[in-house]
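Text of the file model.cif, holding mmCIF, C-alpha atoms:
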```cif
data_target
loop_
_atom_site.label_atom_id
_atom_site.label_comp_id
_atom_site.auth_asym_id
_atom_site.auth_seq_id
_atom_site.Cartn_x
_atom_site.Cartn_y
_atom_site.Cartn_z
CA MET A 1 -84.24 109.73 27.54
CA SER A 2 -83.09 106.19 26.72
CA GLN A 3 -79.51 104.99 27.22
CA GLU A 4 -79.12 104.90 23.43
CA GLU A 5 -80.19 108.53 23.15
CA ILE A 6 -77.83 109.58 25.97
CA LEU A 7 -74.99 107.72 24.24
CA ALA A 8 -75.68 109.50 20.94
CA GLU A 9 -75.75 112.93 22.61
CA LEU A 10 -72.68 112.18 24.72
CA ALA A 11 -70.79 110.99 21.64
CA GLN A 12 -71.47 114.37 20.02
CA ILE A 13 -70.06 116.16 23.08
CA VAL A 14 -66.95 113.95 23.21
CA ASN A 15 -66.44 114.47 19.48
CA GLU A 16 -66.66 118.26 19.79
CA ILE A 17 -64.33 118.51 22.78
CA ALA A 18 -61.77 115.79 22.14
CA GLY A 19 -62.09 115.21 18.39
CA VAL A 20 -62.83 111.49 18.75
CA PRO A 21 -64.83 110.08 15.78
CA VAL A 22 -68.44 109.52 16.88
CA GLY A 23 -68.36 105.93 15.60
CA ASP A 24 -65.54 105.03 17.99
CA ILE A 25 -67.52 106.12 21.04
CA THR A 26 -69.14 102.90 22.28
CA PRO A 27 -70.05 101.86 25.85
CA GLU A 28 -67.14 99.48 26.48
CA LYS A 29 -64.46 102.01 25.50
CA SER A 30 -62.20 103.54 28.16
CA PHE A 31 -62.01 107.32 27.79
CA LEU A 32 -58.31 107.45 28.62
CA ASP A 33 -56.94 104.14 27.34
CA ASP A 34 -59.05 103.63 24.19
CA LEU A 35 -60.12 107.13 23.16
CA ASP A 36 -57.11 109.15 24.44
CA VAL A 37 -59.42 111.55 26.30
CA ASP A 38 -57.33 113.03 29.12
CA SER A 39 -58.43 114.28 32.55
CA LEU A 40 -58.80 117.91 31.44
CA SER A 41 -60.96 116.94 28.46
CA MET A 42 -63.04 114.84 30.87
CA VAL A 43 -63.67 118.00 32.92
CA GLU A 44 -64.83 119.83 29.79
CA ILE A 45 -67.05 116.89 28.82
CA ALA A 46 -68.50 116.83 32.34
CA THR A 47 -69.33 120.55 32.33
CA ALA A 48 -70.90 120.22 28.87
CA ALA A 49 -72.97 117.26 30.11
CA GLU A 50 -73.99 119.24 33.20
CA ASP A 51 -75.26 122.04 30.99
CA LYS A 52 -77.02 119.68 28.58
CA TRP A 53 -78.81 117.48 31.11
CA GLY A 54 -79.09 119.94 34.00
CA ILE A 55 -77.18 117.60 36.31
CA ARG A 56 -74.14 117.93 38.56
CA ILE A 57 -71.09 115.67 38.20
CA PRO A 58 -68.76 116.36 41.18
CA ASP A 59 -65.01 115.87 40.68
CA ASP A 60 -65.02 112.80 42.96
CA ASP A 61 -67.69 111.11 40.81
CA LEU A 62 -66.03 112.19 37.57
CA LYS A 63 -62.84 110.35 38.53
CA ASN A 64 -64.82 107.09 38.63
CA LEU A 65 -66.27 107.45 35.12
CA LYS A 66 -63.69 105.29 33.34
CA THR A 67 -65.69 104.08 30.35
CA VAL A 68 -68.27 105.59 28.04
CA GLY A 69 -70.81 103.17 29.56
CA ASP A 70 -69.99 104.45 33.08
CA ALA A 71 -70.78 107.97 31.92
CA VAL A 72 -74.02 106.97 30.15
CA ASN A 73 -75.24 105.13 33.27
CA TYR A 74 -74.29 108.05 35.51
CA ILE A 75 -76.13 110.56 33.33
CA ALA A 76 -79.18 108.28 33.11
CA LYS A 77 -79.39 107.95 36.91
CA ALA A 78 -78.59 111.62 37.59
CA GLY A 79 -81.14 112.69 35.01
CA VAL A 80 -83.85 110.56 36.67
CA ALA A 81 -82.93 111.98 40.09
CA ALA A 82 -83.05 115.51 38.73
CA MET B 1 -60.90 167.53 57.29
CA LYS B 2 -60.64 167.35 53.51
CA THR B 3 -59.98 164.83 50.77
CA PRO B 4 -58.73 165.70 47.29
CA PRO B 5 -60.96 165.26 44.22
CA THR B 6 -60.53 161.92 42.46
CA THR B 7 -58.85 161.71 39.07
CA HIS B 8 -58.05 158.91 36.63
CA SER B 9 -54.99 156.67 36.35
CA ARG B 10 -53.12 154.96 33.55
CA ILE B 11 -50.23 152.63 32.85
CA VAL B 12 -47.41 154.58 31.18
CA ALA B 13 -44.71 151.92 30.78
CA ILE B 14 -43.87 148.29 31.36
CA GLY B 15 -40.64 146.41 32.03
CA GLU B 16 -39.80 142.75 32.41
CA HIS B 17 -37.15 140.43 33.79
CA ARG B 18 -36.96 136.94 32.32
CA PRO B 19 -34.22 134.75 33.82
CA ALA B 20 -31.58 133.77 31.26
CA ALA B 21 -31.80 130.06 32.05
CA THR B 22 -34.61 128.10 30.43
CA LEU B 23 -35.92 124.61 31.04
CA SER B 24 -37.45 122.75 28.09
CA ASN B 25 -39.92 119.89 28.38
CA ASP B 26 -37.15 117.51 27.36
CA ASP B 27 -34.94 118.99 30.11
CA LEU B 28 -37.68 118.15 32.62
CA ALA B 29 -37.88 114.56 31.38
CA ALA B 30 -34.08 114.37 31.66
CA ARG B 31 -34.38 115.50 35.30
CA GLY B 32 -36.33 112.32 36.00
CA VAL B 33 -39.85 113.77 35.79
CA ASP B 34 -42.15 111.05 34.44
CA THR B 35 -43.32 113.00 31.40
CA SER B 36 -42.49 113.90 27.81
CA ASP B 37 -42.53 116.92 25.54
CA GLU B 38 -45.68 115.61 23.81
CA TRP B 39 -47.47 114.95 27.13
CA ILE B 40 -46.76 118.46 28.43
CA ARG B 41 -47.57 120.25 25.18
CA THR B 42 -50.94 118.55 24.71
CA ARG B 43 -52.04 119.10 28.32
CA THR B 44 -50.66 122.60 28.94
CA GLY B 45 -49.38 124.22 25.73
CA ILE B 46 -46.05 124.84 27.47
CA GLN B 47 -42.82 124.34 25.51
CA ARG B 48 -40.33 125.79 27.99
CA ARG B 49 -40.10 128.04 31.03
CA HIS B 50 -37.50 130.42 32.51
CA ILE B 51 -35.78 129.34 35.72
CA ALA B 52 -34.16 131.79 38.15
CA GLY B 53 -30.51 131.24 38.96
CA PRO B 54 -29.15 131.13 42.53
CA ASP B 55 -28.51 134.89 42.48
CA GLU B 56 -31.95 135.77 41.14
CA THR B 57 -34.56 136.40 43.82
CA VAL B 58 -38.11 137.77 43.94
CA ILE B 59 -36.55 141.07 45.03
CA SER B 60 -33.72 141.22 42.49
CA MET B 61 -35.94 140.22 39.58
CA GLY B 62 -38.67 142.61 40.73
CA ALA B 63 -36.20 145.48 41.08
CA ASP B 64 -34.79 144.83 37.61
CA ALA B 65 -38.26 144.78 36.04
CA ALA B 66 -39.20 147.96 37.95
CA ALA B 67 -36.01 149.75 36.87
CA LYS B 68 -36.70 148.80 33.23
CA ALA B 69 -40.29 150.05 33.47
CA LEU B 70 -39.05 153.36 34.88
CA ALA B 71 -36.42 153.64 32.14
CA ASN B 72 -39.05 152.92 29.50
CA ALA B 73 -41.12 155.76 30.99
CA GLY B 74 -38.11 158.10 30.97
CA LEU B 75 -38.33 158.31 34.75
CA SER B 76 -36.17 157.48 37.75
CA GLY B 77 -36.84 156.19 41.25
CA SER B 78 -37.15 159.71 42.62
CA ASP B 79 -40.21 160.24 40.39
CA ILE B 80 -42.33 157.64 42.19
CA ASP B 81 -43.92 157.59 45.62
CA LEU B 82 -45.47 154.12 45.91
CA VAL B 83 -44.20 150.58 45.29
CA VAL B 84 -46.57 147.61 45.37
CA LEU B 85 -45.22 144.10 44.95
CA ALA B 86 -47.47 141.16 44.09
CA THR B 87 -45.82 137.89 45.03
CA CYS B 88 -46.51 134.61 46.81
CA SER B 89 -43.04 133.08 46.57
CA ILE B 90 -40.76 135.41 48.50
CA ALA B 91 -38.16 133.31 50.30
CA ARG B 92 -39.14 134.48 53.80
CA PRO B 93 -42.37 136.21 54.86
CA ILE B 94 -40.72 138.91 57.00
CA PRO B 95 -40.03 141.45 55.72
CA GLY B 96 -42.01 141.75 52.52
CA GLY B 97 -40.10 142.69 49.39
CA ALA B 98 -41.60 146.02 48.29
CA ALA B 99 -39.48 148.24 50.54
CA ARG B 100 -36.26 146.56 49.41
CA ILE B 101 -37.28 146.92 45.77
CA ALA B 102 -38.06 150.60 46.42
CA SER B 103 -34.56 151.09 47.86
CA GLY B 104 -33.08 149.14 44.97
CA ILE B 105 -34.58 151.44 42.36
CA GLY B 106 -33.72 154.68 44.13
CA ALA B 107 -37.14 155.31 45.63
CA ALA B 108 -36.17 155.02 49.28
CA ARG B 109 -38.76 156.07 51.88
CA VAL B 110 -41.81 155.82 49.61
CA GLY B 111 -44.92 153.85 50.53
CA ALA B 112 -44.19 150.17 49.92
CA PHE B 113 -46.06 146.95 50.61
CA ASP B 114 -46.63 143.43 49.29
CA VAL B 115 -49.87 141.87 48.05
CA ASN B 116 -50.28 138.11 48.27
CA ALA B 117 -53.21 136.93 46.20
CA ALA B 118 -51.06 134.25 44.54
CA CYS B 119 -51.68 134.03 40.79
CA GLY B 120 -54.43 136.65 41.16
CA GLY B 121 -52.02 139.09 42.77
CA PHE B 122 -51.03 141.44 39.98
CA CYS B 123 -54.56 142.59 39.18
CA TYR B 124 -55.23 143.14 42.90
CA ALA B 125 -52.01 145.15 43.25
CA LEU B 126 -52.74 147.18 40.11
CA SER B 127 -56.22 148.02 41.39
CA VAL B 128 -54.97 149.13 44.81
CA ALA B 129 -52.16 151.25 43.33
CA SER B 130 -54.50 152.76 40.74
CA ASP B 131 -56.98 153.76 43.41
CA ALA B 132 -54.21 155.21 45.61
CA ILE B 133 -53.34 157.49 42.70
CA ARG B 134 -56.94 158.31 41.86
CA VAL B 135 -57.70 159.55 45.37
CA GLY B 136 -54.39 161.39 45.74
CA ASN B 137 -52.53 159.12 48.16
CA ALA B 138 -49.79 158.72 45.56
CA ASN B 139 -48.77 160.51 42.39
CA ARG B 140 -46.92 157.78 40.56
CA ALA B 141 -46.52 154.11 41.46
CA VAL B 142 -44.60 151.07 40.36
CA VAL B 143 -46.60 147.83 40.49
CA ILE B 144 -44.58 144.64 40.24
CA GLY B 145 -45.37 140.96 39.87
CA SER B 146 -42.33 138.84 40.77
CA GLU B 147 -42.13 135.13 41.48
CA LYS B 148 -39.51 132.47 42.10
CA LEU B 149 -41.89 129.55 42.24
CA THR B 150 -39.21 126.99 41.55
CA ASP B 151 -38.21 127.33 45.24
CA PHE B 152 -41.52 125.62 46.00
CA ILE B 153 -41.53 122.95 43.28
CA ASP B 154 -41.08 119.26 44.03
CA TRP B 155 -39.61 118.21 40.66
CA PRO B 156 -40.90 114.60 40.64
CA ASP B 157 -44.49 115.93 41.11
CA ARG B 158 -45.45 116.31 37.47
CA GLY B 159 -48.82 117.80 38.42
CA THR B 160 -46.95 121.01 39.28
CA SER B 161 -43.32 120.83 38.12
CA ILE B 162 -44.19 120.96 34.42
CA LEU B 163 -46.25 124.13 34.88
CA PHE B 164 -44.33 126.75 36.78
CA GLY B 165 -41.55 129.17 35.92
CA ASP B 166 -39.81 132.23 37.35
CA GLY B 167 -39.78 135.89 36.33
CA ALA B 168 -40.96 139.41 37.01
CA ALA B 169 -42.64 142.32 35.26
CA ALA B 170 -43.58 145.80 36.39
CA VAL B 171 -45.70 148.74 35.28
CA VAL B 172 -45.51 152.45 36.07
CA VAL B 173 -48.91 153.93 36.95
CA GLU B 174 -49.61 157.65 37.13
CA ARG B 175 -52.40 160.20 37.30
CA SER B 176 -54.29 160.78 34.06
CA ASP B 177 -56.92 163.11 32.66
CA GLU B 178 -58.61 160.20 30.88
CA PRO B 179 -59.60 156.77 32.27
CA GLY B 180 -56.76 154.29 31.73
CA ILE B 181 -57.41 151.63 34.36
CA GLY B 182 -60.99 150.42 34.78
CA PRO B 183 -62.79 149.28 37.94
CA VAL B 184 -61.76 145.87 39.22
CA ALA B 185 -63.97 142.77 39.28
CA TRP B 186 -62.60 140.65 42.09
CA GLY B 187 -63.54 137.88 44.46
CA SER B 188 -62.42 134.75 46.24
CA ASP B 189 -63.43 131.22 47.24
CA GLY B 190 -61.66 130.19 50.43
CA ASP B 191 -63.81 127.06 50.74
CA ASN B 192 -61.75 125.53 47.96
CA PHE B 193 -58.31 126.74 49.08
CA ALA B 194 -56.96 123.18 49.17
CA THR B 195 -57.27 122.68 45.40
CA VAL B 196 -53.96 124.54 44.97
CA CYS B 197 -51.78 125.24 48.01
CA ILE B 198 -48.73 124.30 50.05
CA PRO B 199 -50.40 121.79 52.42
CA ASP B 200 -49.74 121.72 56.18
CA GLY B 201 -46.41 120.03 56.86
CA ASP B 202 -45.39 120.24 53.22
CA TRP B 203 -43.02 122.68 51.53
CA ALA B 204 -44.06 122.40 47.87
CA ILE B 205 -47.05 123.57 45.88
CA ARG B 206 -49.62 120.78 45.34
CA MET B 207 -52.56 121.03 42.98
CA ASP B 208 -55.72 119.13 42.10
CA GLY B 209 -55.37 119.91 38.40
CA PRO B 210 -58.81 118.86 37.16
CA ALA B 211 -60.56 120.74 40.02
CA VAL B 212 -58.63 123.94 39.31
CA PHE B 213 -59.21 123.47 35.58
CA ARG B 214 -62.96 123.13 36.13
CA TRP B 215 -63.07 126.22 38.36
CA ALA B 216 -61.10 128.33 35.91
CA THR B 217 -62.95 127.18 32.78
CA THR B 218 -66.43 127.63 34.25
CA GLN B 219 -66.08 130.53 36.71
CA MET B 220 -63.61 132.97 35.14
CA ALA B 221 -65.36 133.95 31.90
CA PRO B 222 -68.18 135.67 33.86
CA VAL B 223 -65.53 137.63 35.82
CA ALA B 224 -63.96 138.74 32.54
CA ALA B 225 -67.35 139.84 31.25
CA ARG B 226 -68.02 141.70 34.52
CA ALA B 227 -64.71 143.61 34.29
CA CYS B 228 -65.68 144.77 30.79
CA GLU B 229 -69.15 145.75 31.97
CA LEU B 230 -67.73 147.79 34.87
CA ALA B 231 -65.48 149.67 32.42
CA GLY B 232 -68.28 150.19 29.90
CA VAL B 233 -66.35 148.27 27.27
CA GLU B 234 -67.74 145.66 24.87
CA LEU B 235 -65.71 142.52 24.10
CA SER B 236 -65.59 143.75 20.50
CA ASP B 237 -63.83 146.94 21.71
CA LEU B 238 -60.89 144.94 23.08
CA ALA B 239 -57.54 145.00 21.34
CA ALA B 240 -56.23 142.23 23.61
CA PHE B 241 -57.22 139.70 26.24
CA VAL B 242 -54.44 139.02 28.74
CA PRO B 243 -55.53 136.20 31.04
CA HIS B 244 -53.39 134.55 33.71
CA GLN B 245 -51.06 132.13 31.95
CA ALA B 246 -51.93 128.93 33.84
CA ASN B 247 -52.64 126.49 31.02
CA MET B 248 -53.21 127.02 27.29
CA ARG B 249 -56.31 124.85 27.50
CA ILE B 250 -57.80 127.13 30.19
CA ILE B 251 -57.08 130.11 27.93
CA ASP B 252 -58.72 128.35 24.96
CA ALA B 253 -61.77 127.39 27.05
CA MET B 254 -62.20 130.96 28.33
CA VAL B 255 -61.96 132.36 24.80
CA ARG B 256 -64.70 129.92 23.71
CA ALA B 257 -66.88 130.65 26.75
CA LEU B 258 -66.59 134.41 26.19
CA LYS B 259 -67.21 134.03 22.43
CA LEU B 260 -64.31 136.45 22.05
CA PRO B 261 -64.22 138.04 18.57
CA ASP B 262 -61.41 136.69 16.36
CA ASN B 263 -59.76 140.11 16.01
CA VAL B 264 -59.00 140.29 19.76
CA VAL B 265 -55.35 139.35 20.35
CA VAL B 266 -55.09 136.67 23.05
CA ALA B 267 -51.89 136.56 25.12
CA ARG B 268 -50.33 133.08 24.93
CA ASP B 269 -47.02 133.84 26.62
CA ILE B 270 -47.35 130.59 28.59
CA ALA B 271 -45.86 128.62 25.68
CA THR B 272 -42.37 129.96 26.42
CA THR B 273 -42.79 131.22 29.99
CA GLY B 274 -44.87 128.67 31.89
CA ASN B 275 -47.04 129.77 34.80
CA THR B 276 -45.28 132.57 36.67
CA SER B 277 -48.16 133.26 39.09
CA ALA B 278 -48.37 136.98 39.95
CA ALA B 279 -45.83 137.80 37.22
CA SER B 280 -47.79 136.08 34.46
CA VAL B 281 -50.25 138.82 33.49
CA PRO B 282 -47.66 141.64 33.32
CA LEU B 283 -45.14 139.37 31.56
CA ALA B 284 -47.79 138.41 29.00
CA LEU B 285 -48.74 142.06 28.54
CA ALA B 286 -45.04 142.97 28.13
CA SER B 287 -44.71 140.34 25.40
CA LEU B 288 -47.56 141.88 23.43
CA VAL B 289 -46.26 145.43 23.92
CA ASN B 290 -42.65 144.56 23.06
CA ALA B 291 -43.67 142.60 19.96
CA GLY B 292 -45.86 145.49 18.82
CA THR B 293 -48.81 143.08 18.62
CA VAL B 294 -51.06 145.54 20.43
CA ALA B 295 -50.79 149.26 19.73
CA SER B 296 -50.31 151.82 22.47
CA GLY B 297 -53.67 153.15 23.60
CA GLY B 298 -55.50 149.94 22.73
CA VAL B 299 -57.85 148.48 25.31
CA ALA B 300 -56.77 145.25 27.03
CA LEU B 301 -58.66 143.05 29.46
CA LEU B 302 -56.45 141.69 32.25
CA LEU B 303 -57.69 138.70 34.26
CA ALA B 304 -55.69 137.01 37.01
CA PHE B 305 -56.79 134.02 39.10
CA GLY B 306 -55.36 131.23 41.18
CA ALA B 307 -54.56 129.99 44.66
CA GLY B 308 -56.75 131.26 47.48
CA LEU B 309 -58.81 130.82 45.50
CA THR B 310 -58.67 134.45 44.35
CA TYR B 311 -59.40 136.31 41.15
CA ALA B 312 -59.36 139.88 39.83
CA GLY B 313 -59.65 141.53 36.45
CA GLN B 314 -59.82 144.98 34.94
CA VAL B 315 -59.71 146.75 31.60
CA VAL B 316 -56.64 148.92 30.94
CA ARG B 317 -55.25 151.06 28.14
CA VAL B 318 -52.02 149.56 26.80
CA PRO B 319 -49.00 151.82 27.45
#
```
Starting from the file, give its structure as structure tokens.
Amino acid sequence: MSQEEILAELAQIVNEIAGVPVGDITPEKSFLDDLDVDSLSMVEIATAAEDKWGIRIPDDDLKNLKTVGDAVNYIAKAGVAA
Amino acid sequence: MKTPPTTHSRIVAIGEHRPAATLSNDDLAARGVDTSDEWIRTRTGIQRRHIAGPDETVISMGADAAAKALANAGLSGSDIDLVVLATCSIARPIPGGAARIASGIGAARVGAFDVNAACGGFCYALSVASDAIRVGNANRAVVIGSEKLTDFIDWPDRGTSILFGDGAAAVVVERSDEPGIGPVAWGSDGDNFATVCIPDGDWAIRMDGPAVFRWATTQMAPVAARACELAGVELSDLAAFVPHQANMRIIDAMVRALKLPDNVVVARDIATTGNTSAASVPLALASLVNAGTVASGGVALLLAFGAGLTYAGQVVRVP
């Protein structure tokens, strides 16, 4: 799956959980500062991503996913490893 | 040697004690906690919580709730022969509080002991008391959840201070010809005890909120489903779902994960009560019963979970 495809799928998840318009969800955006996605919503996004891509995102790694691009890169790498 | 035949058990009445003093989100901000009403509401669903006064203790609140439950059942202390207290916030560990509550409600010399499974405690205590009745070790029990968590709150720590409140609730359990308390689904995860605990050398509760949130939102729905399965009850049979009142967003996530039918009433007592640990499930059930939201005889799923980590749930008939 390409980075663009991961971004599109991830944007759907973020939209469903946090209500952020899909068009606003671009790689440079900070989840907390730009999109107002708080730490609990990040946990829900992480568990949804785990289910979707069959990966594991431990809490310690999740804390380092500050931007949408961080998350896309993480999923891309984790997906390859899986 | 002989043992008596087993019977069934049921909850016949419930009573509650909510401290008169309340603390709003704005009150917390005024106390110097770095937060706001909007911040707390969006992250927890809590609007205010009850705070015990200096004269209100785990024992006094528990005894008041127990006395009210007995009165609601038309009974007195001499009618019961077992007192079980679920608490994790008694001021001193020795002695436990159950015997003093028993004395306080006129049930001196009955079996009495405490259960500490933190926020999971009430459903553990209810299960143990129910089984004591079912096998004939007791005829009628009072099961209490009572907590004064604010003794263990470091107010500037907004990861915990915005969440917790004080209070107590109690149920009267007795023998029954029909099943009224289902089998318990319980378990624990001591590997992850540090996610919510009083750490070594500390005096206050500390919590890794996102870790606890993840555990609760991913691991508790299967426990709820298991409790229903053990009782032979479908989710669509439920009149009410009464989960531990830890965070409205955990409750919402569990409801989604379970695909709970819309007609099932979901207890959301947390909005005005906060997280009262072992008192939260019986307080939330009392709210539904007192408001008439759930009819007597309806089937409710109780699910308690928290520090330990521990969890327990069972299906009960509403008194």
Handout entry: Answer key for the PyMOL selection byres ((chain A) within 7 of (chain B)), residues as number ranges by chain
Key = A: 39-40, 43, 59
Would you save the residues from that selection as a short mmCIF file (atom, residue, chain, number, x, y, z; two decimals), in the coordinates of the input, using C-alpha atoms?
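For reference, selection-v9.cif as written:
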```cif
data_model
loop_
_atom_site.label_atom_id
_atom_site.label_comp_id
_atom_site.auth_asym_id
_atom_site.auth_seq_id
_atom_site.Cartn_x
_atom_site.Cartn_y
_atom_site.Cartn_z
CA SER A 39 -58.43 114.28 32.55
CA LEU A 40 -58.80 117.91 31.44
CA VAL A 43 -63.67 118.00 32.92
CA ASP A 59 -65.01 115.87 40.68
#
```
Take the PyMOL selection byres ((chain B and resi 81) around 8), apply it to the structure above, and return the hits as a list in words.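 Applied to this file, the PyMOL selection byres ((chain B and resi 81) around 8) returns Ser78, Asp79, Ile80, Leu82, Val83, Ala107, Val110, Gly111, Ala138, Asn139, Arg140 and Ala141 of chain B.
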#### Entry: Atom pair CA of Ile205 (chain B) / CA of Cys88 (chain B): separation (Å)
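Spanning CA of Ile205 (chain B) to CA of Cys88 (chain B) is a straight-line distance of 11.1 Å.
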Using the file's own x, y and z axes, what box holds all listed atoms of region 60-71 of chain A with 5 Å on each side, keeping edges along x, y and z, and what are its centre and edge lengths in Å to one decimal, as JSON?
```
{"center_x": -66.8, "center_y": 108.0, "center_z": 35.5, "size_x": 18.0, "size_y": 19.6, "size_z": 24.9}
```
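For the pair CA of Gly15 (chain B) and CA of Asn247 (chain B), the separation is 23.3 Å.
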Review point. To one decimal place, how far is CA of Asp269 (chain B) from CA of Gln245 (chain B) in Å?
Key: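 Distance between the two atoms: 6.9 Å.
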What does the PyMOL selection byres ((chain A and resi 28-33) around 9) select in this file, as a compact mmCIF listing (two decimals) with C-alpha atoms, keeping the file's coordinate frame?
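Below is the file part_25.txt, written as the result:
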```txt
# COMPACT_ATOMS: atom_id res chain seq x y z
CA ASP A 24 -65.54 105.03 17.99
CA ILE A 25 -67.52 106.12 21.04
CA THR A 26 -69.14 102.90 22.28
CA PRO A 27 -70.05 101.86 25.85
CA ASP A 34 -59.05 103.63 24.19
CA LEU A 35 -60.12 107.13 23.16
CA ASP A 36 -57.11 109.15 24.44
CA VAL A 37 -59.42 111.55 26.30
CA ASP A 38 -57.33 113.03 29.12
CA SER A 39 -58.43 114.28 32.55
CA MET A 42 -63.04 114.84 30.87
CA LEU A 65 -66.27 107.45 35.12
CA LYS A 66 -63.69 105.29 33.34
CA THR A 67 -65.69 104.08 30.35
CA VAL A 68 -68.27 105.59 28.04
CA GLY A 69 -70.81 103.17 29.56
CA ASP A 70 -69.99 104.45 33.08
```
Contacts of region 144-161 of chain B at 6 Å or less, counting only C-alpha atoms, minus same-chain residues fewer than 3 places along, as a compact mmCIF listing (two decimals) with C-alpha atoms, in the frame of the given file?
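New file selection_39.txt:
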```
# COMPACT_ATOMS: atom_id res chain seq x y z
CA VAL B 33 -39.85 113.77 35.79
CA VAL B 58 -38.11 137.77 43.94
CA GLY B 62 -38.67 142.61 40.73
CA LEU B 85 -45.22 144.10 44.95
CA ALA B 86 -47.47 141.16 44.09
CA THR B 87 -45.82 137.89 45.03
CA SER B 89 -43.04 133.08 46.57
CA PHE B 122 -51.03 141.44 39.98
CA ASP B 166 -39.81 132.23 37.35
CA GLY B 167 -39.78 135.89 36.33
CA ALA B 168 -40.96 139.41 37.01
CA ALA B 169 -42.64 142.32 35.26
CA ALA B 170 -43.58 145.80 36.39
CA ALA B 204 -44.06 122.40 47.87
CA ILE B 205 -47.05 123.57 45.88
CA ALA B 278 -48.37 136.98 39.95
CA ALA B 279 -45.83 137.80 37.22
```
I'd like to know which of A:Ile75, A:Leu62, A:Ile17, A:Ala8 is closest to Ala49 (chain A), using only C-alpha atoms.
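Among the listed residues, the smallest separation from Ala49 (chain A) belongs to A:Ile75.
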- [ ] Please work out which residues fall within 12 Å of (-28.0, 134.4, 28.7), coordinates as given in the file, with only C-alpha atoms counting, and return them as a PyMOL selection string.
- [x] chain B and resi 18-22+50-53
Counting all atoms listed in the file, which residues come within 12 Å of (-76.6, 107.5, 32.5), with the point read in the file's coordinates, and could you list them as a PyMOL selection string?
chain A and resi 1-10+27+49+53+55+57+65+67-81
Show me that you can extract region 204-216 of chain B, keeping N, CA and C atoms, and write it as a PDB file, in the first residue's frame.
```
ATOM      1  N   ALA B 204      -0.303   9.539  46.527  1.00  0.00           N
ATOM      2  CA  ALA B 204      -1.477   9.847  45.706  1.00  0.00           C
ATOM      3  C   ALA B 204      -1.600   8.871  44.539  1.00  0.00           C
ATOM      4  N   ILE B 205      -2.831   8.747  44.058  1.00  0.00           N
ATOM      5  CA  ILE B 205      -3.088   7.914  42.880  1.00  0.00           C
ATOM      6  C   ILE B 205      -2.450   8.579  41.659  1.00  0.00           C
ATOM      7  N   ARG B 206      -1.708   7.803  40.865  1.00  0.00           N
ATOM      8  CA  ARG B 206      -1.157   8.287  39.588  1.00  0.00           C
ATOM      9  C   ARG B 206      -1.660   7.362  38.488  1.00  0.00           C
ATOM     10  N   MET B 207      -1.864   7.936  37.308  1.00  0.00           N
ATOM     11  CA  MET B 207      -2.451   7.144  36.232  1.00  0.00           C
ATOM     12  C   MET B 207      -1.851   7.502  34.884  1.00  0.00           C
ATOM     13  N   ASP B 208      -1.581   6.480  34.081  1.00  0.00           N
ATOM     14  CA  ASP B 208      -1.222   6.673  32.676  1.00  0.00           C
ATOM     15  C   ASP B 208      -2.539   6.613  31.902  1.00  0.00           C
ATOM     16  N   GLY B 209      -3.160   7.775  31.755  1.00  0.00           N
ATOM     17  CA  GLY B 209      -4.521   7.834  31.202  1.00  0.00           C
ATOM     18  C   GLY B 209      -4.690   7.122  29.873  1.00  0.00           C
ATOM     19  N   PRO B 210      -3.856   7.437  28.862  1.00  0.00           N
ATOM     20  CA  PRO B 210      -4.044   6.776  27.573  1.00  0.00           C
ATOM     21  C   PRO B 210      -3.893   5.251  27.651  1.00  0.00           C
ATOM     22  N   ALA B 211      -2.973   4.753  28.506  1.00  0.00           N
ATOM     23  CA  ALA B 211      -2.794   3.292  28.619  1.00  0.00           C
ATOM     24  C   ALA B 211      -4.031   2.642  29.228  1.00  0.00           C
ATOM     25  N   VAL B 212      -4.569   3.271  30.278  1.00  0.00           N
ATOM     26  CA  VAL B 212      -5.775   2.728  30.914  1.00  0.00           C
ATOM     27  C   VAL B 212      -6.956   2.815  29.944  1.00  0.00           C
ATOM     28  N   PHE B 213      -7.031   3.919  29.216  1.00  0.00           N
ATOM     29  CA  PHE B 213      -8.100   4.116  28.240  1.00  0.00           C
ATOM     30  C   PHE B 213      -8.056   3.011  27.173  1.00  0.00           C
ATOM     31  N   ARG B 214      -6.844   2.732  26.690  1.00  0.00           N
ATOM     32  CA  ARG B 214      -6.704   1.697  25.657  1.00  0.00           C
ATOM     33  C   ARG B 214      -7.133   0.328  26.202  1.00  0.00           C
ATOM     34  N   TRP B 215      -6.659   0.027  27.423  1.00  0.00           N
ATOM     35  CA  TRP B 215      -7.026  -1.265  28.038  1.00  0.00           C
ATOM     36  C   TRP B 215      -8.540  -1.380  28.166  1.00  0.00           C
ATOM     37  N   ALA B 216      -9.156  -0.345  28.711  1.00  0.00           N
ATOM     38  CA  ALA B 216     -10.597  -0.410  28.963  1.00  0.00           C
ATOM     39  C   ALA B 216     -11.390  -0.489  27.658  1.00  0.00           C
TER      40      ALA B 216
END
```
